[in-house]
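Source file: target-v4.cif; contents: mmCIF, C-alpha atoms and all ligand atoms.
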```
data_run
#
loop_
_atom_site.group_PDB
_atom_site.id
_atom_site.type_symbol
_atom_site.label_atom_id
_atom_site.label_comp_id
_atom_site.auth_asym_id
_atom_site.auth_seq_id
_atom_site.Cartn_x
_atom_site.Cartn_y
_atom_site.Cartn_z
ATOM 1 C CA MET E 1 -2.504 -10.535 20.638
ATOM 2 C CA ASP E 2 -3.861 -8.386 17.868
ATOM 3 C CA ARG E 3 -4.067 -4.736 18.739
ATOM 4 C CA VAL E 4 -6.825 -2.795 17.043
ATOM 5 C CA SER E 5 -7.289 0.928 17.274
ATOM 6 C CA ASN E 6 -9.980 2.834 15.497
ATOM 7 C CA ALA E 7 -9.729 6.474 16.392
ATOM 8 C CA GLY E 8 -12.264 8.534 14.488
ATOM 9 C CA PRO E 9 -11.274 11.134 11.915
ATOM 10 C CA GLY E 10 -11.893 13.906 14.413
ATOM 11 C CA SER E 11 -9.530 12.498 16.983
ATOM 12 C CA PRO E 12 -6.334 14.378 17.770
ATOM 13 C CA GLY E 13 -3.416 13.363 15.589
ATOM 14 C CA SER E 14 -0.258 12.976 17.571
ATOM 15 C CA ALA E 15 0.937 14.681 20.709
ATOM 16 C CA PHE E 16 1.338 18.468 20.946
ATOM 17 C CA GLY E 17 -1.154 19.158 18.145
ATOM 18 C CA VAL E 18 1.216 18.057 15.353
ATOM 19 C CA PRO E 19 -1.052 16.788 12.563
ATOM 20 C CA GLU E 20 -0.835 13.075 11.902
ATOM 21 C CA PRO E 21 0.248 12.123 8.383
ATOM 22 C CA VAL E 22 -2.679 11.072 6.177
ATOM 23 C CA VAL E 23 -0.921 7.752 5.526
ATOM 24 C CA LEU E 24 1.206 6.172 8.208
ATOM 25 C CA VAL E 25 2.727 2.714 7.842
ATOM 26 C CA ARG E 26 4.928 1.083 10.448
ATOM 27 C CA ASP E 27 6.949 -2.092 10.041
ATOM 28 C CA LEU E 28 4.510 -3.728 7.636
ATOM 29 C CA ARG E 29 5.236 -7.355 6.843
ATOM 30 C CA LYS E 30 3.603 -9.779 4.450
ATOM 31 C CA SER E 31 4.532 -13.219 3.145
ATOM 32 C CA PHE E 32 2.825 -15.458 0.609
ATOM 33 C CA ASP E 33 3.449 -19.199 1.076
ATOM 34 C CA GLY E 34 6.630 -18.536 3.028
ATOM 35 C CA GLN E 35 7.932 -16.006 0.482
ATOM 36 C CA VAL E 36 8.589 -12.652 2.171
ATOM 37 C CA VAL E 37 7.052 -9.943 -0.023
ATOM 38 C CA LEU E 38 6.979 -6.979 2.402
ATOM 39 C CA ASP E 39 9.892 -7.030 4.791
ATOM 40 C CA GLY E 40 9.244 -4.220 7.268
ATOM 41 C CA ILE E 41 7.885 -1.209 5.387
ATOM 42 C CA SER E 42 7.581 2.142 7.188
ATOM 43 C CA LEU E 43 6.278 5.198 5.401
ATOM 44 C CA GLU E 44 4.501 8.483 6.077
ATOM 45 C CA VAL E 45 2.612 10.551 3.512
ATOM 46 C CA GLY E 46 1.548 14.053 4.444
ATOM 47 C CA SER E 47 -1.686 15.785 3.521
ATOM 48 C CA GLY E 48 -1.712 16.866 -0.132
ATOM 49 C CA GLU E 49 1.440 14.951 -1.054
ATOM 50 C CA LEU E 50 1.727 12.956 -4.254
ATOM 51 C CA VAL E 51 4.094 10.078 -3.607
ATOM 52 C CA SER E 52 5.129 7.586 -6.297
ATOM 53 C CA ILE E 53 6.307 4.078 -5.524
ATOM 54 C CA ILE E 54 8.742 2.645 -8.046
ATOM 55 C CA GLY E 55 10.915 -0.446 -8.203
ATOM 56 C CA PRO E 56 11.602 -3.619 -10.170
ATOM 57 C CA SER E 57 8.832 -6.031 -11.043
ATOM 58 C CA GLY E 58 7.890 -8.258 -8.121
ATOM 59 C CA CYS E 59 9.462 -6.072 -5.409
ATOM 60 C CA GLY E 60 6.121 -5.774 -3.575
ATOM 61 C CA LYS E 61 4.719 -2.414 -4.734
ATOM 62 C CA SER E 62 1.183 -3.644 -5.440
ATOM 63 C CA THR E 63 1.131 -5.746 -2.302
ATOM 64 C CA LEU E 64 2.056 -2.687 -0.252
ATOM 65 C CA LEU E 65 -0.785 -0.699 -1.792
ATOM 66 C CA ARG E 66 -3.251 -3.560 -1.291
ATOM 67 C CA CYS E 67 -2.186 -3.940 2.351
ATOM 68 C CA LEU E 68 -2.950 -0.257 2.961
ATOM 69 C CA ASN E 69 -6.677 -0.805 2.606
ATOM 70 C CA PHE E 70 -6.593 -4.446 3.677
ATOM 71 C CA LEU E 71 -7.404 -5.907 0.274
ATOM 72 C CA GLU E 72 -4.506 -8.060 1.441
ATOM 73 C CA VAL E 73 -4.246 -8.654 5.174
ATOM 74 C CA PRO E 74 -0.724 -7.890 6.396
ATOM 75 C CA ASP E 75 0.942 -10.409 8.691
ATOM 76 C CA SER E 76 2.068 -7.674 11.049
ATOM 77 C CA GLY E 77 2.614 -3.966 11.332
ATOM 78 C CA GLU E 78 0.476 -0.862 11.596
ATOM 79 C CA VAL E 79 -1.507 1.125 9.043
ATOM 80 C CA ARG E 80 -3.213 4.438 9.794
ATOM 81 C CA LEU E 81 -5.161 6.345 7.165
ATOM 82 C CA ALA E 82 -6.656 9.718 8.026
ATOM 83 C CA GLY E 83 -6.925 8.801 11.693
ATOM 84 C CA HIS E 84 -8.336 5.306 11.110
ATOM 85 C CA GLY E 85 -5.889 2.697 12.269
ATOM 86 C CA LEU E 86 -5.368 -1.015 12.314
ATOM 87 C CA SER E 87 -2.365 -2.898 13.543
ATOM 88 C CA ARG E 88 -1.683 -6.600 13.541
ATOM 89 C CA ASN E 89 0.833 -8.842 15.132
ATOM 90 C CA GLY E 90 -0.016 -12.244 13.727
ATOM 91 C CA GLY E 91 -3.078 -14.071 15.014
ATOM 92 C CA SER E 92 -6.274 -14.653 13.128
ATOM 93 C CA TRP E 93 -8.534 -12.084 11.495
ATOM 94 C CA ARG E 94 -11.338 -11.074 13.865
ATOM 95 C CA ARG E 95 -14.614 -9.173 13.719
ATOM 96 C CA ALA E 96 -13.014 -6.152 15.388
ATOM 97 C CA ASP E 97 -10.367 -6.192 12.654
ATOM 98 C CA GLU E 98 -13.084 -6.255 9.990
ATOM 99 C CA ALA E 99 -14.723 -3.204 11.549
ATOM 100 C CA ALA E 100 -11.430 -1.318 11.705
ATOM 101 C CA ALA E 101 -10.596 -2.295 8.109
ATOM 102 C CA HIS E 102 -14.002 -1.016 7.020
ATOM 103 C CA GLY E 103 -13.317 2.359 8.682
ATOM 104 C CA LEU E 104 -9.944 2.462 7.015
ATOM 105 C CA ARG E 105 -11.321 1.627 3.553
ATOM 106 C CA SER E 106 -13.898 4.393 3.853
ATOM 107 C CA GLN E 107 -11.007 6.875 3.710
ATOM 108 C CA VAL E 108 -9.506 5.444 0.536
ATOM 109 C CA GLY E 109 -10.262 5.614 -3.175
ATOM 110 C CA MET E 110 -8.490 2.883 -5.122
ATOM 111 C CA VAL E 111 -7.827 2.828 -8.853
ATOM 112 C CA PHE E 112 -6.507 -0.281 -10.609
ATOM 113 C CA GLN E 113 -4.716 -0.874 -13.890
ATOM 114 C CA SER E 114 -7.793 -2.587 -15.339
ATOM 115 C CA PHE E 115 -10.372 0.202 -14.698
ATOM 116 C CA ASN E 116 -12.871 -2.182 -13.014
ATOM 117 C CA LEU E 117 -16.010 -0.252 -14.015
ATOM 118 C CA PHE E 118 -19.378 -2.003 -13.875
ATOM 119 C CA PRO E 119 -19.916 -2.886 -17.574
ATOM 120 C CA HIS E 120 -23.727 -2.978 -17.527
ATOM 121 C CA ARG E 121 -24.101 0.462 -15.948
ATOM 122 C CA THR E 122 -23.729 3.838 -17.555
ATOM 123 C CA VAL E 123 -20.787 6.000 -16.556
ATOM 124 C CA LEU E 124 -23.096 8.159 -14.456
ATOM 125 C CA ASP E 125 -24.552 5.113 -12.678
ATOM 126 C CA ASN E 126 -21.045 3.819 -12.037
ATOM 127 C CA LEU E 127 -20.405 6.985 -10.049
ATOM 128 C CA MET E 128 -23.703 6.939 -8.195
ATOM 129 C CA LEU E 129 -23.937 3.283 -7.097
ATOM 130 C CA ALA E 130 -21.692 3.349 -4.034
ATOM 131 C CA PRO E 131 -22.733 6.779 -2.692
ATOM 132 C CA ARG E 132 -26.394 5.771 -3.123
ATOM 133 C CA ALA E 133 -25.825 2.585 -1.098
ATOM 134 C CA VAL E 134 -23.823 4.289 1.642
ATOM 135 C CA LYS E 135 -25.118 7.830 1.982
ATOM 136 C CA ARG E 136 -28.798 7.340 1.178
ATOM 137 C CA THR E 137 -28.820 10.907 -0.115
ATOM 138 C CA ASP E 138 -31.465 12.265 -2.445
ATOM 139 C CA ARG E 139 -30.975 11.036 -6.049
ATOM 140 C CA VAL E 140 -31.023 14.575 -7.411
ATOM 141 C CA VAL E 141 -28.153 15.581 -5.134
ATOM 142 C CA LEU E 142 -26.202 12.407 -5.940
ATOM 143 C CA GLU E 143 -26.641 12.984 -9.670
ATOM 144 C CA ARG E 144 -25.579 16.611 -9.408
ATOM 145 C CA ASP E 145 -22.435 15.608 -7.496
ATOM 146 C CA ALA E 146 -21.673 12.777 -9.936
ATOM 147 C CA ARG E 147 -22.048 15.055 -12.957
ATOM 148 C CA ALA E 148 -19.759 17.630 -11.330
ATOM 149 C CA LEU E 149 -17.097 14.941 -10.880
ATOM 150 C CA LEU E 150 -17.488 13.814 -14.494
ATOM 151 C CA ASP E 151 -17.015 17.409 -15.614
ATOM 152 C CA LYS E 152 -13.903 17.622 -13.467
ATOM 153 C CA VAL E 153 -12.313 14.638 -15.264
ATOM 154 C CA GLY E 154 -13.506 15.839 -18.677
ATOM 155 C CA LEU E 155 -16.260 13.247 -19.141
ATOM 156 C CA GLY E 156 -19.381 15.384 -18.791
ATOM 157 C CA SER E 157 -20.469 14.576 -22.337
ATOM 158 C CA VAL E 158 -20.302 10.775 -21.957
ATOM 159 C CA ALA E 159 -22.247 10.406 -18.698
ATOM 160 C CA GLY E 160 -24.971 8.301 -20.343
ATOM 161 C CA ARG E 161 -22.659 5.925 -22.188
ATOM 162 C CA TYR E 162 -21.558 2.430 -21.207
ATOM 163 C CA PRO E 163 -17.901 1.779 -20.286
ATOM 164 C CA ALA E 164 -17.211 -0.459 -23.317
ATOM 165 C CA THR E 165 -17.956 2.456 -25.662
ATOM 166 C CA LEU E 166 -15.231 4.623 -24.089
ATOM 167 C CA SER E 167 -11.494 4.733 -24.752
ATOM 168 C CA GLY E 168 -9.208 3.242 -22.114
ATOM 169 C CA GLY E 169 -8.208 6.726 -21.006
ATOM 170 C CA GLN E 170 -11.841 7.738 -20.598
ATOM 171 C CA GLN E 171 -12.597 4.534 -18.670
ATOM 172 C CA GLN E 172 -9.713 5.162 -16.305
ATOM 173 C CA ARG E 173 -10.808 8.765 -15.758
ATOM 174 C CA ALA E 174 -14.309 7.460 -15.014
ATOM 175 C CA ALA E 175 -12.784 5.026 -12.512
ATOM 176 C CA ILE E 176 -10.996 7.915 -10.811
ATOM 177 C CA ALA E 177 -14.231 9.944 -10.709
ATOM 178 C CA ARG E 178 -16.050 6.935 -9.251
ATOM 179 C CA ALA E 179 -13.468 6.663 -6.479
ATOM 180 C CA LEU E 180 -13.745 10.396 -5.807
ATOM 181 C CA ALA E 181 -17.517 10.070 -5.466
ATOM 182 C CA MET E 182 -16.984 8.544 -2.027
ATOM 183 C CA ALA E 183 -15.033 11.632 -0.919
ATOM 184 C CA PRO E 184 -11.869 9.746 0.083
ATOM 185 C CA ARG E 185 -9.057 11.380 2.067
ATOM 186 C CA VAL E 186 -6.426 9.519 0.068
ATOM 187 C CA MET E 187 -6.282 8.067 -3.441
ATOM 188 C CA LEU E 188 -4.278 4.904 -4.137
ATOM 189 C CA TYR E 189 -3.400 4.032 -7.740
ATOM 190 C CA ASP E 190 -1.962 0.704 -8.862
ATOM 191 C CA GLU E 191 -0.278 1.289 -12.223
ATOM 192 C CA PRO E 192 -3.181 3.397 -13.463
ATOM 193 C CA THR E 193 -1.736 3.964 -16.944
ATOM 194 C CA SER E 194 -0.009 0.649 -17.691
ATOM 195 C CA ALA E 195 -2.821 -0.533 -19.983
ATOM 196 C CA LEU E 196 -2.948 2.737 -21.942
ATOM 197 C CA ASP E 197 -1.239 4.192 -24.992
ATOM 198 C CA PRO E 198 0.955 7.193 -24.089
ATOM 199 C CA GLU E 199 -1.569 9.745 -25.345
ATOM 200 C CA LEU E 200 -4.404 8.258 -23.258
ATOM 201 C CA ALA E 201 -2.086 7.794 -20.294
ATOM 202 C CA GLU E 202 -1.377 11.508 -20.441
ATOM 203 C CA GLU E 203 -5.113 12.269 -19.992
ATOM 204 C CA VAL E 204 -5.171 10.191 -16.819
ATOM 205 C CA LEU E 205 -1.947 11.671 -15.488
ATOM 206 C CA GLY E 206 -3.442 15.126 -16.150
ATOM 207 C CA VAL E 207 -6.364 14.307 -13.855
ATOM 208 C CA MET E 208 -3.946 13.188 -11.146
ATOM 209 C CA ARG E 209 -2.010 16.437 -11.514
ATOM 210 C CA THR E 210 -5.268 18.400 -11.141
ATOM 211 C CA LEU E 211 -6.135 16.491 -7.973
ATOM 212 C CA ASP E 212 -2.637 17.190 -6.680
ATOM 213 C CA ALA E 213 -3.129 20.906 -7.287
ATOM 214 C CA GLU E 214 -6.391 20.683 -5.324
ATOM 215 C CA GLY E 215 -4.594 19.135 -2.348
ATOM 216 C CA MET E 216 -5.625 15.483 -2.641
ATOM 217 C CA THR E 217 -3.231 13.055 -0.960
ATOM 218 C CA GLN E 218 -2.166 10.459 -3.557
ATOM 219 C CA LEU E 219 -0.010 7.344 -3.532
ATOM 220 C CA VAL E 220 0.835 5.911 -6.947
ATOM 221 C CA VAL E 221 2.512 2.653 -7.910
ATOM 222 C CA THR E 222 3.898 3.388 -11.348
ATOM 223 C CA HIS E 223 6.337 2.417 -14.061
ATOM 224 C CA GLU E 224 5.913 5.884 -15.607
ATOM 225 C CA MET E 225 9.257 7.381 -14.650
ATOM 226 C CA ARG E 226 8.610 10.643 -16.475
ATOM 227 C CA PHE E 227 5.383 11.161 -14.516
ATOM 228 C CA ALA E 228 6.980 10.093 -11.236
ATOM 229 C CA ARG E 229 9.794 12.549 -11.800
ATOM 230 C CA ALA E 230 7.639 15.443 -12.973
ATOM 231 C CA ALA E 231 4.613 15.160 -10.686
ATOM 232 C CA SER E 232 5.677 13.552 -7.407
ATOM 233 C CA ASP E 233 6.538 15.402 -4.253
ATOM 234 C CA ARG E 234 8.564 12.376 -3.207
ATOM 235 C CA ILE E 235 9.461 9.019 -4.736
ATOM 236 C CA VAL E 236 9.782 5.754 -2.840
ATOM 237 C CA PHE E 237 12.200 3.249 -4.380
ATOM 238 C CA MET E 238 11.528 -0.347 -3.316
ATOM 239 C CA GLU E 239 13.514 -3.501 -3.890
ATOM 240 C CA ALA E 240 12.913 -7.024 -2.562
ATOM 241 C CA GLY E 241 10.147 -6.009 -0.171
ATOM 242 C CA ARG E 242 12.011 -3.107 1.404
ATOM 243 C CA ILE E 243 12.140 0.631 0.947
ATOM 244 C CA VAL E 244 15.649 1.364 -0.227
ATOM 245 C CA GLU E 245 15.315 5.122 -0.486
ATOM 246 C CA ILE E 246 12.748 7.926 -0.279
ATOM 247 C CA ALA E 247 13.645 11.252 -1.849
ATOM 248 C CA GLU E 248 12.408 14.193 -3.844
ATOM 249 C CA PRO E 249 12.438 13.382 -7.562
ATOM 250 C CA ASP E 250 15.319 15.606 -8.597
ATOM 251 C CA VAL E 251 17.482 14.299 -5.778
ATOM 252 C CA LEU E 252 16.593 10.670 -6.521
ATOM 253 C CA PHE E 253 17.254 10.954 -10.247
ATOM 254 C CA SER E 254 20.380 13.122 -10.077
ATOM 255 C CA SER E 255 22.133 11.771 -6.992
ATOM 256 C CA PRO E 256 20.513 8.690 -5.464
ATOM 257 C CA SER E 257 22.163 7.763 -2.211
ATOM 258 C CA ASP E 258 21.970 3.992 -2.713
ATOM 259 C CA PRO E 259 23.717 2.055 -5.510
ATOM 260 C CA ARG E 260 20.615 -0.123 -5.986
ATOM 261 C CA THR E 261 18.538 2.962 -6.800
ATOM 262 C CA ARG E 262 21.211 4.152 -9.233
ATOM 263 C CA ARG E 263 21.280 0.758 -10.980
ATOM 264 C CA PHE E 264 17.491 0.699 -11.329
ATOM 265 C CA LEU E 265 17.154 4.266 -12.587
ATOM 266 C CA ARG E 266 20.024 3.951 -15.073
ATOM 267 C CA GLN E 267 17.734 2.096 -17.497
ATOM 268 C CA PHE E 268 15.428 5.125 -17.702
ATOM 269 C CA LEU E 269 18.085 7.807 -18.228
HETATM 270 N N1 LIG E 301 -2.033 -13.233 -3.767
HETATM 271 C C1 LIG E 301 -0.774 -13.644 -3.933
HETATM 272 N N2 LIG E 301 -0.444 -14.930 -3.700
HETATM 273 C C2 LIG E 301 0.830 -15.362 -3.843
HETATM 274 N N3 LIG E 301 1.855 -14.575 -4.218
HETATM 275 C C3 LIG E 301 1.582 -13.284 -4.467
HETATM 276 C C4 LIG E 301 0.262 -12.756 -4.336
HETATM 277 N N4 LIG E 301 0.306 -11.431 -4.637
HETATM 278 C C5 LIG E 301 1.590 -11.148 -4.941
HETATM 279 N N5 LIG E 301 2.351 -12.259 -4.837
HETATM 280 C C6 LIG E 301 3.801 -12.338 -5.075
HETATM 281 O O1 LIG E 301 4.410 -11.297 -4.336
HETATM 282 C C7 LIG E 301 5.495 -10.752 -5.046
HETATM 283 C C8 LIG E 301 5.310 -9.247 -5.175
HETATM 284 O O2 LIG E 301 4.209 -8.995 -6.023
HETATM 285 P P1 LIG E 301 3.681 -7.513 -6.299
HETATM 286 O O3 LIG E 301 2.578 -7.633 -7.280
HETATM 287 O O4 LIG E 301 3.416 -6.840 -5.017
HETATM 288 O O5 LIG E 301 4.969 -6.863 -6.973
HETATM 289 P P2 LIG E 301 5.096 -5.522 -7.827
HETATM 290 O O6 LIG E 301 6.323 -4.852 -7.368
HETATM 291 O O7 LIG E 301 3.824 -4.762 -7.763
HETATM 292 O O8 LIG E 301 5.312 -6.114 -9.290
HETATM 293 P P3 LIG E 301 4.915 -5.507 -10.739
HETATM 294 O O9 LIG E 301 5.718 -4.236 -10.895
HETATM 295 O O10 LIG E 301 5.367 -6.568 -11.687
HETATM 296 O O11 LIG E 301 3.441 -5.305 -10.728
HETATM 297 C C9 LIG E 301 5.561 -11.473 -6.383
HETATM 298 O O12 LIG E 301 6.507 -12.496 -6.291
HETATM 299 C C10 LIG E 301 4.166 -12.059 -6.518
HETATM 300 O O13 LIG E 301 4.176 -13.229 -7.279
#
```

Structure re-expressed in structure tokens:
Amino acid sequence: MDRVSNAGPGSPGSAFGVPEPVVLVRDLRKSFDGQVVLDGISLEVGSGELVSIIGPSGCGKSTLLRCLNFLEVPDSGEVRLAGHGLSRNGGSWRRADEAAAHGLRSQVGMVFQSFNLFPHRTVLDNLMLAPRAVKRTDRVVLERDARALLDKVGLGSVAGRYPATLSGGQQQRAAIARALAMAPRVMLYDEPTSALDPELAEEVLGVMRTLDAEGMTQLVVTHEMRFARAASDRIVFMEAGRIVEIAEPDVLFSSPSDPRTRRFLRQFL
């Protein structure tokens, strides 16, 4: 039997008033065509934490991120984001699951490697489309909020331009601003700088650092070891669908407790 829970954001976290982590994952499992890709992942991310997920190619990092907002449907396990939860134990996908997944997605802003902006809309429109559809707020208010977000990511002067006329770094910053326009409780990034030259990547990483300073909860799949080391509160090292080790950056890089972590990190030292 599937078990679906959908406590609202105002519901009490856990017992005794201890706040629930913003991201909570328990025993998440996912296979594709019989190939186990996530083999029992458990993870908690606290409010305002920036957590990087690193590991060799194909170890399941992107799949984990995509399972968090049900872009991929996990086979089993539990995901809770900002009080919205969904757990599965096999069985087929049902309407109640769809509703719970929708509640969960409303808490999440997701940023992909490939920017994914709407090409035939201006940058400003890109930011306003989803809030206009969901919130039905006055256009003047929406535009004011969108312009404030563009200023925040340093794109105030290109609001009226089309994505193709922007650099990759500007497009990715616009994608981050667009995700922020829905006021998410957590931001998920899937290799947000992989398609960018180092200089442009730095612009994007700067925005993520700013959001971190403002207390946004962020989970980042990245191959940028320097960023992971410098900016993360904690780093998750994955291999073959499992979390091998979770540690603060300095601990992970200077004295990893698992030989697999040491082997992986050696190539970056
Ligand atoms: N939709 C899918 N259908 C079938 N197999 C998939 C699908 N998505 C991912 N996989 C497989 O799952 C495994 C893990 O992929 P995933 O993209 O999660 O790894 P990753 O750690 O993010 O890799 P990379 O660092 O190269 O992006 C790979 O073997 C991949 O081919």

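What the PyMOL selection byres (((chain E and resi 187) around 6) and not hetatm) picks from this file is Val108, Gly109, Met110, Val186, Leu188 and Gln218 of chain E.
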
If we count only C-alpha atoms and set the cut-off at 7 Å, which residues sit around Leu150 (chain E), ignoring sequence neighbours fewer than 5 positions away in its own chain? Please answer as an MDAnalysis selection string. chainID E and resid 155:156 177

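Relative to CA of Met225 (chain E), CA of Gly40 (chain E) is found at 24.8 Å.
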
Quick one: residues within 9 Å of region 49-60 of chain E, all atoms listed in the file, excluding same-chain residues fewer than 2 positions away - as a PyMOL selection string? chain E and resi 37-38+45-47+62-65+208-209+212+215-225+227-229+231-242+261+264-265

Output C-alpha atoms for every residue in the selection just made, as a PDB file, in the coordinates of the input.
```
ATOM      1  CA  VAL E  37       7.052  -9.943  -0.023  1.00  0.00           C
ATOM      2  CA  LEU E  38       6.979  -6.979   2.402  1.00  0.00           C
ATOM      3  CA  VAL E  45       2.612  10.551   3.512  1.00  0.00           C
ATOM      4  CA  GLY E  46       1.548  14.053   4.444  1.00  0.00           C
ATOM      5  CA  SER E  47      -1.686  15.785   3.521  1.00  0.00           C
ATOM      6  CA  SER E  62       1.183  -3.644  -5.440  1.00  0.00           C
ATOM      7  CA  THR E  63       1.131  -5.746  -2.302  1.00  0.00           C
ATOM      8  CA  LEU E  64       2.056  -2.687  -0.252  1.00  0.00           C
ATOM      9  CA  LEU E  65      -0.785  -0.699  -1.792  1.00  0.00           C
ATOM     10  CA  MET E 208      -3.946  13.188 -11.146  1.00  0.00           C
ATOM     11  CA  ARG E 209      -2.010  16.437 -11.514  1.00  0.00           C
ATOM     12  CA  ASP E 212      -2.637  17.190  -6.680  1.00  0.00           C
ATOM     13  CA  GLY E 215      -4.594  19.135  -2.348  1.00  0.00           C
ATOM     14  CA  MET E 216      -5.625  15.483  -2.641  1.00  0.00           C
ATOM     15  CA  THR E 217      -3.231  13.055  -0.960  1.00  0.00           C
ATOM     16  CA  GLN E 218      -2.166  10.459  -3.557  1.00  0.00           C
ATOM     17  CA  LEU E 219      -0.010   7.344  -3.532  1.00  0.00           C
ATOM     18  CA  VAL E 220       0.835   5.911  -6.947  1.00  0.00           C
ATOM     19  CA  VAL E 221       2.512   2.653  -7.910  1.00  0.00           C
ATOM     20  CA  THR E 222       3.898   3.388 -11.348  1.00  0.00           C
ATOM     21  CA  HIS E 223       6.337   2.417 -14.061  1.00  0.00           C
ATOM     22  CA  GLU E 224       5.913   5.884 -15.607  1.00  0.00           C
ATOM     23  CA  MET E 225       9.257   7.381 -14.650  1.00  0.00           C
ATOM     24  CA  PHE E 227       5.383  11.161 -14.516  1.00  0.00           C
ATOM     25  CA  ALA E 228       6.980  10.093 -11.236  1.00  0.00           C
ATOM     26  CA  ARG E 229       9.794  12.549 -11.800  1.00  0.00           C
ATOM     27  CA  ALA E 231       4.613  15.160 -10.686  1.00  0.00           C
ATOM     28  CA  SER E 232       5.677  13.552  -7.407  1.00  0.00           C
ATOM     29  CA  ASP E 233       6.538  15.402  -4.253  1.00  0.00           C
ATOM     30  CA  ARG E 234       8.564  12.376  -3.207  1.00  0.00           C
ATOM     31  CA  ILE E 235       9.461   9.019  -4.736  1.00  0.00           C
ATOM     32  CA  VAL E 236       9.782   5.754  -2.840  1.00  0.00           C
ATOM     33  CA  PHE E 237      12.200   3.249  -4.380  1.00  0.00           C
ATOM     34  CA  MET E 238      11.528  -0.347  -3.316  1.00  0.00           C
ATOM     35  CA  GLU E 239      13.514  -3.501  -3.890  1.00  0.00           C
ATOM     36  CA  ALA E 240      12.913  -7.024  -2.562  1.00  0.00           C
ATOM     37  CA  GLY E 241      10.147  -6.009  -0.171  1.00  0.00           C
ATOM     38  CA  ARG E 242      12.011  -3.107   1.404  1.00  0.00           C
ATOM     39  CA  THR E 261      18.538   2.962  -6.800  1.00  0.00           C
ATOM     40  CA  PHE E 264      17.491   0.699 -11.329  1.00  0.00           C
ATOM     41  CA  LEU E 265      17.154   4.266 -12.587  1.00  0.00           C
TER      42      LEU E 265
END
```

Name the residues that the PyMOL selection byres (((chain E and resi 206) around 12) and not hetatm) picks from the file above, as a PyMOL selection string, using the file's chain letters and numbers. chain E and resi 152-154+169+172-173+176+193+199-205+207-213+227+230-231

Just the residues within 7 Å of Tyr162 (chain E), please, counting all atoms listed in the file, with nothing from its chain fewer than 4 positions along; format it as a PyMOL selection string. chain E and resi 119-123

Run through the PyMOL selection byres (((chain E and resi 98-102) around 7) and not hetatm) on the given coordinates and return the selected residues as JSON, numbers by chain. {"E": [6, 69, 70, 85, 86, 94, 95, 96, 97, 103, 104, 105, 106]}

Show me, as a VMD selection string, the residues that have an atom within 7 Å of Glu44 (chain E) when counting all atoms listed in the file, minus same-chain residues fewer than 2 positions from it. chain E and resid 21 23 to 25 46

Next, the residues of the selection above should be written as a PDB file, in the coordinates of the input with C-alpha atoms.
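Saved as out_17.pdb:
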```pdb
ATOM      1  CA  PRO E  21       0.248  12.123   8.383  1.00  0.00           C
ATOM      2  CA  VAL E  23      -0.921   7.752   5.526  1.00  0.00           C
ATOM      3  CA  LEU E  24       1.206   6.172   8.208  1.00  0.00           C
ATOM      4  CA  VAL E  25       2.727   2.714   7.842  1.00  0.00           C
ATOM      5  CA  GLY E  46       1.548  14.053   4.444  1.00  0.00           C
TER       6      GLY E  46
END
```

Hey, which of E:Arg139, E:Arg263, E:Arg29, E:Arg80 ends up closest to ligand LIG 301 (chain E)? Count all atoms listed in the file. E:Arg29

Nearest-residue call for ligand LIG 301 (chain E), choices E:Pro249, E:Asp125, E:Tyr189, E:Arg147, using only C-alpha atoms and all ligand atoms: E:Tyr189

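CA of Phe112 (chain E) is found 21.6 Å from CA of Glu214 (chain E).
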
Using all atoms listed in the file, find all polymer residues with an atom at most 12 Å away from the point (-12.3, 0.6, -25.9); report them as an NGL selection string. :E and (114-115 or 119 or 162-172 or 195-197 or 200)

What separation in Å, quoted to one decimal, exists between atom O8 of ligand LIG 301 (chain E) and CA of Pro192 (chain E)? 13.4 Å

Centre, edges in Å (one decimal): axis-aligned box, ligand LIG 301 (chain E), 6 Å padding on all six sides, as AutoDock Vina command-line options:
```
--center_x 2.2 --center_y -9.8 --center_z -7.7 --size_x 20.5 --size_y 23.1 --size_z 20.0
```

With distances taken over all atoms listed in the file, which of E:Ser42, E:Asn89, E:Gln113, E:Ser76 is nearest to ligand LIG 301 (chain E)?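 Nearest to ligand LIG 301 (chain E): E:Gln113.
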
Which of these residues is nearest to ligand LIG 301 (chain E), using only C-alpha atoms and all ligand atoms: E:Leu180, E:Val244, E:Val36, E:Leu269?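 Of E:Leu180, E:Val244, E:Val36, E:Leu269, the one nearest ligand LIG 301 (chain E), counting only C-alpha atoms and all ligand atoms, is E:Val36.
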